[in-house]
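Participant: Below are the structure tokens for one structure; questions will follow.
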Amino acid sequence: MKNILAQLLFALFVNIAFAEEEASPKDRLIVETLTRLERFDVSGNEKWKGAVERYARSLRGKEGYFELVDQFAVKAEASVLIQFVQKDPSAEDAAKAVQLLFRLDKKQSIANALAAGPKAKADAIAKLVGFIQTPEAKKLLEEYRATNKPASTVAVAAPALLATPEDIALLAKRKGDPVQGKSVFQKLCFACHKAGDVGLDYGPGLSEIGSKLPKTELYLAIVKPNAGVSFDYEGWIVHTNQGGVLAGIVTESDEELTIRMVGGISQKVKKSDVAKREKMKVSLMPEGLHLAMSEKELVDLVEFLSSLRTK
Ligand code: HEC
């Protein structure tokens, strides 16, 4: 069953990638939504593997690149990923690249980058490794720390951030800067949430979220979006009799379904055209957004959200 779904999605993806030279913005949105679905192993099929590798190359530096490499575990991109890390370890892309390199079993290339120095850069890379919760990442970090005493406390690799409820409780006690937090929101959250006068209306509105959720819950909502998906905002995959696949938030009338996709596009499908619908197992809110920010930015963001109260 799962496999059939994956194959259908893949077929759609290949159509988008190769039927047209330039995928339309709508096609791209579909691909982006698909990347939230289950991972799909193409390693057993040379043709598919080649297709995915070519498509990944064409997406370098563009939107959706990291998601694609992640979903299809494109090992061929490892050498490009490590360049992101070495170019500027404080950039958002570097955090994603480190995460992916671990997933692709390319821990050694990170170890090499740590060994290559210079020290400030290696410390910054070690900090990114500290965001990752796997035993391998922890081991690599320990090895690095054993041989490199940090020059200053600022450069110390971040603790395995947010691993436990205690970590979250500690963060929740901190006071952030809501003005800085708003700019973090405008970077990473506005595409799906409305907060006061900023943002798009896709996920739940957050204009009064500070009255609804205490800081600890706000942290959880960001760090573990899959832990509890808000009712009314569950994602669905709709297959049509014409072979189309759409994913998003579904509302229903007697005659038709309306599927709202990320980015604000809605599509209506007559119920008689629906072949099948399935609930997505994960939240439409992507996991790992906190990896794209520093700890301070995360604290500022939560301060901003917490300041959004019922007037
Ligand atoms: C791709 C769209 C998307 C992005 C980007 C996104 N979210 Fe969400 N978010 C959702 C959806 C959909 C839900 C509702 C489903 C769920 O609870 O998982 C949600 C739920 C939430 C909730 C719980 C709301 C409630 O009423 O319980 C919070 C808080 C939240 N998001 C904060 C954020 C923050 C902060 C960011 C930026 C770091 C962000 N989201 C980025 C789509 C998104």
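In the structure tokens, each chain is lettered A, B, ... as it comes, each chain's residues begin at 1, and ligands are numbered from 1 in order of appearance.
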Just the residues within 6 Å of segment 78-90 of chain A, please, counting only C-alpha atoms, with nothing from its chain fewer than 4 positions along; format it as a ChimeraX atom specification.
Facilitator: /A:94,97,124-125
Participant: Give the residues close to ligand 1, within 6 Å, counting only C-alpha atoms and all ligand atoms; write them as an MDAnalysis selection string.
Facilitator: chainID A and resid 185 188:189 191:192 203:204 218 221:222 225:226 228:230 233:234 262 283:286 289
Participant: Could you pull out all residues of segment 126-273 of chain A with a DSSP call of strand (DSSP E) and give them as a PyMOL selection string?
Facilitator: chain A and resi 194-195+198-199+236-240+245-252+256-260+266-270
Participant: At a cut-off of 12 Å, using only C-alpha atoms, what residues contact Pro178 of chain A? Leave out same-chain residues fewer than 3 positions from it and give the result as a ChimeraX atom specification.
Facilitator: /A:175,181-185,296-308
